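S.K.: Structure file model-v6.cif, mmCIF, C-alpha atoms, is pasted below:
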data_data
loop_
_atom_site.label_atom_id
_atom_site.label_comp_id
_atom_site.auth_asym_id
_atom_site.auth_seq_id
_atom_site.Cartn_x
_atom_site.Cartn_y
_atom_site.Cartn_z
CA MET B 1 393.43 -3.12 56.42
CA VAL B 2 395.20 -2.44 59.71
CA SER B 3 397.12 0.80 59.43
CA GLU B 4 398.84 2.89 62.04
CA THR B 5 395.66 4.92 62.51
CA TYR B 6 393.89 1.93 64.03
CA ARG B 7 394.17 0.96 67.66
CA ILE B 8 394.73 -2.76 68.19
CA THR B 9 392.90 -4.29 71.14
CA PRO B 10 393.84 -7.90 71.92
CA VAL B 11 391.04 -10.15 73.17
CA LYS B 12 392.60 -12.88 75.28
CA ILE B 13 391.20 -16.31 76.04
CA ALA B 14 387.79 -16.09 77.76
CA GLU B 15 387.61 -12.32 77.27
CA THR B 16 384.82 -10.37 75.60
CA LYS B 17 385.35 -6.85 74.32
CA VAL B 18 382.85 -4.52 72.66
CA SER B 19 383.39 -1.14 71.07
CA ARG B 20 381.84 1.51 68.88
CA ASP B 21 385.19 3.18 68.27
CA LYS B 22 385.71 3.26 64.50
CA ASP B 23 389.47 3.40 64.92
CA GLU B 24 389.61 0.19 66.90
CA VAL B 25 390.51 -3.28 65.67
CA LEU B 26 389.70 -6.20 67.97
CA VAL B 27 392.19 -9.05 67.65
CA ALA B 28 392.11 -12.68 68.79
CA TYR B 29 395.58 -14.18 68.40
CA SER B 30 396.48 -17.80 67.71
CA LEU B 31 393.10 -19.46 67.75
CA GLY B 32 393.46 -23.23 67.78
CA SER B 33 390.40 -25.05 69.07
CA CYS B 34 389.10 -21.72 70.42
CA ILE B 35 386.47 -19.75 68.53
CA GLY B 36 386.74 -16.07 67.75
CA LEU B 37 383.12 -14.94 67.78
CA ALA B 38 382.58 -11.52 66.18
CA LEU B 39 379.20 -9.77 66.26
CA TRP B 40 378.58 -6.54 64.33
CA ASP B 41 375.74 -4.04 64.02
CA CYS B 42 376.05 -2.52 60.54
CA LYS B 43 373.77 0.41 61.40
CA GLN B 44 375.77 1.41 64.47
CA ARG B 45 379.10 0.25 63.01
CA ALA B 46 379.81 -1.21 66.40
CA GLY B 47 380.66 -4.72 67.42
CA GLY B 48 382.36 -7.07 69.78
CA LEU B 49 384.56 -10.13 69.98
CA SER B 50 384.61 -13.10 72.35
CA HIS B 51 387.53 -15.55 72.56
CA VAL B 52 385.67 -18.76 73.36
CA PHE B 53 387.77 -21.48 75.03
CA LEU B 54 385.34 -24.32 75.74
CA PRO B 55 381.79 -25.34 74.74
CA GLN B 56 380.07 -24.94 78.09
CA PRO B 57 380.68 -24.92 81.84
CA ARG B 58 380.93 -28.30 83.48
CA ASP B 59 377.83 -27.54 85.53
CA PHE B 60 376.08 -26.15 82.47
CA GLU B 61 372.31 -26.17 82.30
CA TYR B 62 369.76 -24.14 80.46
CA ILE B 63 367.52 -22.23 82.84
CA ALA B 64 365.16 -20.97 80.17
CA ALA B 65 364.90 -20.67 76.43
CA SER B 66 366.25 -17.62 74.66
CA GLY B 67 364.09 -14.52 74.54
CA ASN B 68 364.07 -11.79 71.92
CA SER B 69 363.92 -8.78 74.20
CA GLU B 70 366.43 -5.95 74.01
CA SER B 71 367.13 -6.22 77.71
CA GLY B 72 369.60 -9.06 77.54
CA PRO B 73 369.98 -12.79 77.20
CA GLY B 74 366.99 -14.96 77.71
CA PHE B 75 368.84 -17.93 79.10
CA VAL B 76 371.30 -18.34 81.86
CA CYS B 77 374.21 -20.71 82.20
CA LYS B 78 376.03 -21.19 85.43
CA THR B 79 379.70 -20.37 85.46
CA ARG B 80 382.04 -20.96 88.36
CA HIS B 81 383.11 -18.14 90.63
CA ASN B 82 385.46 -15.70 88.86
CA GLU B 83 384.92 -17.27 85.47
CA GLN B 84 384.35 -14.93 82.57
CA PRO B 85 381.20 -15.57 80.48
CA GLY B 86 383.28 -15.26 77.31
CA LYS B 87 385.06 -18.48 78.22
CA TYR B 88 382.23 -20.76 77.05
CA GLY B 89 380.33 -20.82 73.78
CA SER B 90 377.04 -21.27 75.59
CA THR B 91 377.58 -18.19 77.78
CA ALA B 92 379.68 -16.02 75.45
CA VAL B 93 376.90 -15.48 72.91
CA PRO B 94 374.23 -14.10 75.28
CA HIS B 95 376.88 -12.14 77.17
CA LEU B 96 378.25 -10.54 74.01
CA VAL B 97 374.74 -9.68 72.80
CA SER B 98 373.96 -8.14 76.17
CA GLU B 99 377.16 -6.06 76.16
CA LEU B 100 376.48 -4.83 72.62
CA ILE B 101 372.95 -3.78 73.52
CA LYS B 102 374.43 -1.77 76.39
CA ILE B 103 376.48 0.29 73.92
CA GLY B 104 373.51 0.96 71.66
CA CYS B 105 373.43 -1.98 69.24
CA ARG B 106 370.10 -3.54 68.29
CA ARG B 107 369.66 -7.27 68.57
CA HIS B 108 367.94 -7.59 65.18
CA ASN B 109 370.84 -5.82 63.42
CA LEU B 110 373.49 -8.21 64.73
CA GLN B 111 375.32 -10.60 62.43
CA ALA B 112 378.04 -13.11 63.32
CA ILE B 113 381.39 -14.22 61.90
CA LEU B 114 383.17 -17.24 63.36
CA VAL B 115 386.87 -18.10 63.16
CA GLY B 116 388.82 -21.02 64.68
CA GLY B 117 387.57 -24.35 65.98
CA ALA B 118 390.54 -26.24 64.53
CA ASN B 119 392.29 -29.34 65.77
CA VAL B 120 395.97 -28.44 65.47
CA ILE B 121 397.07 -31.65 67.21
CA PRO B 122 396.06 -34.50 64.90
CA GLY B 123 394.60 -37.39 66.82
CA LEU B 124 393.92 -35.38 69.97
CA SER B 125 390.35 -35.75 71.06
CA SER B 126 388.34 -35.84 74.26
CA PRO B 127 385.82 -38.61 75.01
CA PHE B 128 383.19 -36.08 73.95
CA GLY B 129 384.82 -35.35 70.57
CA GLN B 130 387.22 -32.75 69.23
CA ILE B 131 387.12 -29.57 71.27
CA GLY B 132 387.16 -27.31 68.22
CA GLN B 133 384.07 -28.98 66.80
CA LEU B 134 382.34 -28.94 70.20
CA ASN B 135 383.10 -25.23 70.55
CA LEU B 136 381.71 -24.57 67.10
CA GLN B 137 378.52 -26.50 67.83
CA ALA B 138 378.02 -24.67 71.12
CA VAL B 139 378.50 -21.23 69.57
CA LYS B 140 376.29 -22.00 66.57
CA GLY B 141 373.60 -23.43 68.84
CA ALA B 142 373.63 -20.34 71.04
CA LEU B 143 373.57 -18.03 67.99
CA ALA B 144 370.55 -19.93 66.64
CA MET B 145 368.78 -19.49 69.97
CA GLU B 146 369.48 -15.77 69.83
CA GLY B 147 368.28 -15.62 66.22
CA ILE B 148 371.60 -14.23 64.95
CA LYS B 149 372.64 -14.98 61.37
CA ILE B 150 376.14 -16.25 60.62
CA VAL B 151 377.37 -14.34 57.55
CA GLY B 152 380.86 -15.78 57.36
CA GLU B 153 383.16 -18.33 58.91
CA ASP B 154 386.65 -19.74 58.57
CA THR B 155 386.56 -22.72 60.89
CA GLY B 156 387.76 -26.29 61.34
CA GLY B 157 390.80 -27.86 59.73
CA ASN B 158 394.07 -28.39 61.54
CA HIS B 159 395.75 -24.98 61.43
CA GLY B 160 395.89 -22.08 63.88
CA ARG B 161 394.47 -18.69 62.99
CA SER B 162 394.56 -15.09 64.17
CA MET B 163 391.65 -12.74 63.46
CA HIS B 164 391.56 -8.95 63.16
CA PHE B 165 388.08 -7.42 63.35
CA ASN B 166 387.85 -3.90 61.94
CA LEU B 167 384.84 -2.27 63.56
CA ASN B 168 384.60 0.51 61.01
CA SER B 169 384.63 -1.56 57.83
CA GLY B 170 383.04 -4.72 59.18
CA VAL B 171 385.92 -6.73 57.74
CA VAL B 172 387.53 -9.65 59.55
CA LYS B 173 391.04 -10.50 58.39
CA VAL B 174 392.18 -14.07 59.10
CA THR B 175 395.89 -14.99 59.10
CA SER B 176 397.58 -18.33 59.62
CA VAL B 177 400.99 -19.97 59.30
CA THR B 178 400.15 -22.29 56.44
CA ARG B 179 397.31 -20.58 54.56
CA PRO B 180 396.98 -17.35 52.58
CA GLU B 181 395.39 -14.39 54.32
CA LYS B 182 391.62 -14.37 54.09
CA GLU B 183 388.99 -11.64 54.42
CA LEU B 184 385.47 -12.19 55.70
CA ARG B 185 382.92 -9.36 55.40
CA PHE B 186 379.82 -8.57 57.38
CA GLU B 187 376.77 -7.63 55.29
CA GLU B 188 375.98 -3.92 54.95
CA MET M 1 401.04 -34.46 91.89
CA ASP M 2 402.17 -31.14 93.33
CA ILE M 3 404.54 -28.48 92.05
CA GLN M 4 407.50 -29.73 94.08
CA PHE M 5 407.08 -33.22 92.66
CA PHE M 6 406.84 -31.85 89.12
CA GLN M 7 409.90 -29.67 89.66
CA ASP M 8 411.91 -32.63 90.96
CA CYS M 9 410.81 -34.80 88.04
CA ALA M 10 411.46 -32.06 85.46
CA ARG M 11 414.95 -31.48 86.91
CA LEU M 12 415.79 -35.18 86.92
CA GLY M 13 414.32 -35.52 83.43
CA VAL M 14 416.36 -32.70 81.89
CA GLU M 15 419.52 -34.01 83.59
CA ARG M 16 418.95 -37.42 82.01
CA ALA M 17 418.20 -35.75 78.67
CA ARG M 18 421.43 -33.76 78.91
CA ASP M 19 423.42 -36.95 79.52
CA THR M 20 421.71 -38.72 76.63
CA VAL M 21 422.25 -35.84 74.17
CA SER M 22 425.89 -35.50 75.26
CA ALA M 23 426.45 -39.24 74.85
CA LEU M 24 424.81 -39.27 71.43
CA THR M 25 426.77 -36.34 70.04
CA GLY M 26 430.00 -36.67 71.99
CA MET M 27 429.75 -32.97 72.79
CA GLU M 28 429.13 -31.29 76.10
CA CYS M 29 425.65 -30.00 76.57
CA VAL M 30 424.12 -28.03 79.41
CA ILE M 31 420.43 -28.06 80.20
CA ASP M 32 419.23 -25.90 83.07
CA LEU M 33 415.80 -25.97 84.56
CA GLU M 34 415.23 -22.26 85.18
CA ASN M 35 411.92 -22.48 86.97
CA ALA M 36 408.82 -24.57 87.35
CA TYR M 37 405.35 -23.37 88.10
CA PHE M 38 401.72 -24.34 88.34
CA THR M 39 399.05 -22.26 86.70
CA GLU M 40 395.42 -22.07 85.70
CA VAL M 41 394.79 -23.63 82.30
CA GLU M 42 393.49 -20.52 80.53
CA GLU M 43 396.69 -18.63 81.34
CA ILE M 44 399.02 -21.14 79.71
CA PRO M 45 398.85 -20.01 76.07
CA LEU M 46 399.94 -16.54 77.19
CA LEU M 47 402.68 -17.66 79.56
CA THR M 48 404.99 -18.63 76.74
CA GLY M 49 405.15 -14.91 75.93
CA TYR M 50 404.77 -15.50 72.21
CA PRO M 51 401.30 -16.94 71.53
CA ASP M 52 401.24 -15.73 67.91
CA GLU M 53 404.77 -16.86 66.99
CA ILE M 54 405.49 -20.09 65.20
CA VAL M 55 407.17 -22.75 67.30
CA LEU M 56 408.31 -26.29 66.81
CA SER M 57 406.47 -28.42 69.29
CA SER M 58 406.80 -32.04 70.25
CA TRP M 59 403.56 -33.43 71.67
CA VAL M 60 403.29 -36.76 73.47
CA SER M 61 400.27 -38.21 75.23
CA PHE M 62 400.71 -40.86 77.88
CA THR M 63 398.51 -43.44 79.51
CA GLY M 64 398.98 -45.87 82.38
CA GLN M 65 398.62 -45.17 86.07
CA MET M 66 398.70 -41.47 85.22
CA GLU M 67 397.36 -40.02 81.97
CA GLY M 68 397.92 -36.74 80.23
CA GLN M 69 399.98 -34.84 77.70
CA ILE M 70 403.50 -33.46 77.66
CA ILE M 71 404.50 -30.70 75.24
CA ILE M 72 407.98 -29.38 74.48
CA LEU M 73 407.95 -25.99 72.72
CA PHE M 74 410.99 -24.70 70.80
CA ARG M 75 411.22 -21.41 69.00
CA PRO M 76 412.33 -22.25 65.43
CA ASP M 77 415.23 -19.79 65.44
CA SER M 78 416.39 -21.15 68.76
CA ALA M 79 416.07 -24.73 67.53
CA GLU M 80 417.92 -23.93 64.32
CA SER M 81 420.77 -22.36 66.26
CA VAL M 82 421.22 -25.49 68.35
CA VAL M 83 421.07 -27.82 65.35
CA ARG M 84 423.63 -25.75 63.42
CA SER M 85 425.87 -25.89 66.44
CA MET M 86 425.45 -29.65 66.80
CA VAL M 87 425.96 -30.67 63.19
CA PRO M 88 427.37 -27.67 61.30
CA GLN M 89 428.97 -29.61 58.45
CA PHE M 90 425.88 -31.70 57.95
CA ILE M 91 423.65 -28.65 57.65
CA GLU M 92 426.02 -26.95 55.20
CA ASP M 93 426.02 -30.01 52.96
CA VAL M 94 422.27 -30.47 52.64
CA GLU M 95 420.21 -28.83 49.91
CA SER M 96 418.42 -25.71 51.15
CA GLU M 97 414.98 -27.17 50.42
CA ASN M 98 415.79 -30.06 52.73
CA GLU M 99 417.27 -27.89 55.46
CA LEU M 100 414.02 -27.26 57.33
CA GLU M 101 413.17 -30.94 57.21
CA ILE M 102 416.58 -31.87 58.62
CA ILE M 103 416.36 -29.27 61.37
CA GLU M 104 412.85 -30.36 62.32
CA SER M 105 413.93 -33.97 62.40
CA ILE M 106 416.84 -33.26 64.75
CA VAL M 107 414.77 -30.99 66.98
CA SER M 108 412.09 -33.64 67.08
CA GLU M 109 414.67 -36.14 68.29
CA ILE M 110 415.95 -33.75 70.99
CA ALA M 111 412.40 -32.97 72.10
CA ASN M 112 411.61 -36.67 72.15
CA ILE M 113 414.62 -37.35 74.37
CA ILE M 114 413.58 -34.55 76.74
CA GLY M 115 409.91 -35.57 76.84
CA CYS M 116 410.66 -39.24 77.42
CA SER M 117 413.28 -38.38 80.06
CA VAL M 118 410.79 -36.26 82.00
CA LEU M 119 408.12 -38.94 81.73
CA GLY M 120 410.68 -41.56 82.79
CA ALA M 121 411.56 -39.44 85.81
CA ILE M 122 407.89 -39.13 86.79
CA ALA M 123 407.42 -42.87 86.40
CA ASP M 124 410.53 -43.68 88.45
CA LYS M 125 409.84 -41.21 91.26
CA SER M 126 406.20 -42.18 91.58
CA GLU M 127 406.78 -45.87 90.84
CA MET M 128 404.05 -45.75 88.23
CA VAL M 129 403.87 -47.34 84.82
CA LEU M 130 403.47 -44.76 82.03
CA ARG M 131 403.04 -45.54 78.35
CA PRO M 132 403.92 -42.64 76.03
CA SER M 133 402.52 -42.28 72.51
CA PRO M 134 404.88 -41.74 69.57
CA PRO M 135 405.94 -38.06 69.54
CA LEU M 136 404.21 -35.73 67.12
CA LEU M 137 406.09 -32.71 65.77
CA ILE M 138 403.89 -29.69 65.09
CA ARG M 139 404.98 -26.40 63.51
CA GLU M 140 402.31 -23.89 64.44
CA MET M 141 401.47 -20.78 66.45
CA ALA M 142 402.46 -21.50 70.06
CA GLY M 143 399.14 -20.31 71.41
CA ALA M 144 397.12 -22.44 68.99
CA ILE M 145 398.98 -25.61 70.02
CA LEU M 146 398.72 -24.89 73.72
CA GLU M 147 395.11 -23.78 73.80
CA THR M 148 394.04 -26.92 71.92
CA ALA M 149 395.97 -29.20 74.28
CA VAL M 150 394.88 -27.24 77.33
CA ALA M 151 391.21 -27.12 76.29
CA THR M 152 391.16 -30.90 75.95
CA SER M 153 392.94 -31.28 79.28
CA TYR M 154 390.58 -28.82 80.95
CA LEU M 155 387.73 -31.24 80.53
CA TYR M 156 389.50 -33.37 83.11
CA ASN M 157 391.66 -31.11 85.21
CA ASP M 158 392.34 -27.49 86.11
CA LYS M 159 396.03 -28.13 86.75
CA VAL M 160 398.85 -27.33 84.37
CA PHE M 161 402.54 -27.63 85.22
CA ALA M 162 405.10 -25.73 83.20
CA SER M 163 408.81 -25.07 83.33
CA ASP M 164 411.29 -22.96 81.38
CA VAL M 165 414.47 -24.71 80.31
CA ARG M 166 417.72 -23.34 78.91
CA PHE M 167 419.50 -25.64 76.50
CA CYS M 168 423.11 -24.72 75.87
CA PHE M 169 425.20 -26.55 73.32
CA THR M 170 428.75 -25.41 72.56
CA GLU M 171 428.22 -21.73 71.64
CA SER M 172 424.49 -21.74 71.09
CA ASP M 173 421.67 -21.10 73.52
CA ALA M 174 418.12 -22.22 73.11
CA PHE M 175 415.12 -21.88 75.35
CA PHE M 176 412.15 -24.13 75.47
CA GLU M 177 409.17 -24.86 77.64
CA ILE M 178 408.01 -28.14 79.07
CA VAL M 179 404.26 -28.19 79.65
CA LEU M 180 402.66 -31.12 81.50
CA LEU M 181 398.90 -31.58 81.45
CA PRO M 182 397.91 -34.43 83.77
CA ARG M 183 394.44 -35.88 83.54
CA LYS M 184 392.31 -35.52 86.66
CA GLY M 185 391.99 -38.53 88.86
CA THR M 186 395.20 -40.10 87.62
CA GLY M 187 398.55 -39.80 89.30
#
Can the structure from this file be put into structure tokens for me?

M.R.:
Amino acid sequence: MVSETYRITPVKIAETKVSRDKDEVLVAYSLGSCIGLALWDCKQRAGGLSHVFLPQPRDFEYIAASGNSESGPGFVCKTRHNEQPGKYGSTAVPHLVSELIKIGCRRHNLQAILVGGANVIPGLSSPFGQIGQLNLQAVKGALAMEGIKIVGEDTGGNHGRSMHFNLNSGVVKVTSVTRPEKELRFEE
Amino acid sequence: MDIQFFQDCARLGVERARDTVSALTGMECVIDLENAYFTEVEEIPLLTGYPDEIVLSSWVSFTGQMEGQIIILFRPDSAESVVRSMVPQFIEDVESENELEIIESIVSEIANIIGCSVLGAIADKSEMVLRPSPPLLIREMAGAILETAVATSYLYNDKVFASDVRFCFTESDAFFEIVLLPRKGTG
């Protein structure tokens, strides 16, 4: 899927990147408990990727319920100074939607694919539960509030994953150390 | 805990580990602490320089008057080089399908010695009681291990201490990282 004609753009922890460049592949490397959240607009063949690190900010609170306008997210979550919205599941989803709308995507065309949310250290858990599962719940909850359908996921388990999101084909390739390569496809 | 304290403990810990490994094998071993630093948690998975590469990692959690996690990360090729240097005849004699298991077992033991030595140094210098968990050996992408450990730690603390260590045994060199994730409000 990834040939020399494609430009690889890494998306680091807490980052969000969007693009409508058909020669670009967005990549989130070595996802453990983190979630790679890919959104795609099949009509525009444009999309974006957030590398979600944690479920929500420590001073998280919903200010309002989600709206369905094209102007941006309908709810606000506080992040600390200098923190990127892509860091948290609760803030990454509305931020990514907002960034995609800025480059011409339509909210009602957006679909989601999720990768990651594993627990690669057996037995490691916070008092609130396993971080991977908490991340997954936060992202899925925020997607539900935005009314965005999840069309594919490779999540959970105890193995790390890398994901390559081809913006032209709408294909997400998932690689890992212990599992065969997997392809997830957005709906046309 | 501050960076100077961590650096002192890491140095004392690797010196003790060097003495233990040398005594166990009867061969001279050099372990140098190249640097120690403090960083924001989200930067840690990238600081190893090889987030997508597979590493052998020994993970230990500890409780007591300070709580947290300590992770020793070895690159597999680096680990293999050290093990072959330590026990060349032994490695040559084992069946190839058992080779990885043997290497991982020996690396696990080395990592365990290093991790416990560093924890022992922290306990001694701070006069605290620390209770380590049994070590867990994980073969995974470096970034996946670190981000999972760091994400859990982040719920308690923004601080991460890390140090690069050079492990030299006869003619082989290996490099590994010690990552310490203390829990907030302890230590």

S.K.: Residues of chain M within 7 Å of chain B, counting all atoms listed in the file, what are they? List them as a count of residues only.

M.R.: 12

S.K.: Return as a PDB file with C-alpha atoms, in the coordinates of the input the set of residues that the PyMOL selection byres ((chain M and resi 58) around 8) yields on the displayed structure.

M.R.:
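Output below, filename result.pdb:
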ATOM      1  CA  LEU M  56     408.310 -26.290  66.810  1.00  0.00           C
ATOM      2  CA  SER M  57     406.470 -28.420  69.290  1.00  0.00           C
ATOM      3  CA  TRP M  59     403.560 -33.430  71.670  1.00  0.00           C
ATOM      4  CA  VAL M  60     403.290 -36.760  73.470  1.00  0.00           C
ATOM      5  CA  ILE M  71     404.500 -30.700  75.240  1.00  0.00           C
ATOM      6  CA  ILE M  72     407.980 -29.380  74.480  1.00  0.00           C
ATOM      7  CA  LEU M  73     407.950 -25.990  72.720  1.00  0.00           C
ATOM      8  CA  SER M 108     412.090 -33.640  67.080  1.00  0.00           C
ATOM      9  CA  ALA M 111     412.400 -32.970  72.100  1.00  0.00           C
ATOM     10  CA  ASN M 112     411.610 -36.670  72.150  1.00  0.00           C
ATOM     11  CA  PRO M 135     405.940 -38.060  69.540  1.00  0.00           C
ATOM     12  CA  LEU M 136     404.210 -35.730  67.120  1.00  0.00           C
ATOM     13  CA  LEU M 137     406.090 -32.710  65.770  1.00  0.00           C
ATOM     14  CA  ILE M 138     403.890 -29.690  65.090  1.00  0.00           C
TER      15      ILE M 138
END

S.K.: What gap, in Å, lies between atom CA of B:Glu146 and atom CA of B:Pro94?

M.R.: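 Distance reported for this atom pair: 7.4 Å.
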
S.K.: Do you know which residues are at most 8 Å from B:Lys182 counting all atoms listed in the file, after dropping those on the same chain fewer than 5 positions away, and could you put them as a PyMOL selection string?

M.R.: chain B and resi 173-175

S.K.: Find the residue from B:Leu39, B:Ala142, B:Val52, B:Ile103 that sits nearest to B:Ser90; use all atoms listed in the file when measuring.

M.R.: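 Result for the nearest residue to B:Ser90: B:Ala142.
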
S.K.: Export stretch 14-30 of chain M of the preceding structure, keeping N, CA, C and O atoms, as a compact mmCIF listing (two decimals), in the first residue's frame.

M.R.:
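Resulting contents of part_36.txt:
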# COMPACT_ATOMS: atom_id res chain seq x y z
N VAL M 14 23.89 1.32 39.09
CA VAL M 14 24.59 0.61 38.01
C VAL M 14 25.97 0.13 38.48
O VAL M 14 26.46 -0.90 38.01
N GLU M 15 26.58 0.86 39.41
CA GLU M 15 27.87 0.38 39.95
C GLU M 15 27.66 -0.93 40.73
O GLU M 15 28.44 -1.87 40.59
N ARG M 16 26.60 -0.97 41.52
CA ARG M 16 26.31 -2.21 42.26
C ARG M 16 25.97 -3.34 41.29
O ARG M 16 26.37 -4.49 41.48
N ALA M 17 25.22 -3.00 40.24
CA ALA M 17 24.85 -4.02 39.24
C ALA M 17 26.10 -4.56 38.55
O ALA M 17 26.24 -5.77 38.32
N ARG M 18 27.02 -3.67 38.22
CA ARG M 18 28.28 -4.08 37.58
C ARG M 18 29.02 -5.07 38.49
O ARG M 18 29.49 -6.12 38.02
N ASP M 19 29.11 -4.74 39.77
CA ASP M 19 29.83 -5.62 40.71
C ASP M 19 29.13 -6.98 40.81
O ASP M 19 29.79 -8.03 40.86
N THR M 20 27.80 -6.95 40.83
CA THR M 20 27.05 -8.21 40.94
C THR M 20 27.25 -9.08 39.70
O THR M 20 27.51 -10.28 39.80
N VAL M 21 27.12 -8.45 38.51
CA VAL M 21 27.27 -9.21 37.26
C VAL M 21 28.69 -9.76 37.15
O VAL M 21 28.90 -10.92 36.77
N SER M 22 29.68 -8.95 37.52
CA SER M 22 31.08 -9.40 37.46
C SER M 22 31.30 -10.57 38.42
O SER M 22 31.97 -11.55 38.07
N ALA M 23 30.72 -10.47 39.61
CA ALA M 23 30.88 -11.55 40.60
C ALA M 23 30.20 -12.84 40.14
O ALA M 23 30.72 -13.93 40.31
N LEU M 24 29.04 -12.68 39.51
CA LEU M 24 28.29 -13.85 39.05
C LEU M 24 28.99 -14.58 37.91
O LEU M 24 28.98 -15.81 37.84
N THR M 25 29.59 -13.82 37.01
CA THR M 25 30.18 -14.42 35.81
C THR M 25 31.67 -14.64 35.94
O THR M 25 32.25 -15.39 35.15
N GLY M 26 32.30 -13.96 36.89
CA GLY M 26 33.75 -14.05 37.00
C GLY M 26 34.46 -13.31 35.89
O GLY M 26 35.66 -13.52 35.65
N MET M 27 33.75 -12.47 35.19
CA MET M 27 34.35 -11.70 34.08
C MET M 27 34.15 -10.22 34.34
O MET M 27 33.16 -9.82 34.94
N GLU M 28 35.13 -9.44 33.87
CA GLU M 28 35.04 -8.00 34.11
C GLU M 28 33.95 -7.38 33.25
O GLU M 28 33.81 -7.69 32.07
N CYS M 29 33.23 -6.52 33.88
CA CYS M 29 32.13 -5.86 33.18
C CYS M 29 32.16 -4.38 33.50
O CYS M 29 32.52 -3.98 34.61
N VAL M 30 31.87 -3.56 32.52
CA VAL M 30 31.86 -2.11 32.73
C VAL M 30 30.46 -1.60 32.45
O VAL M 30 29.87 -1.91 31.41
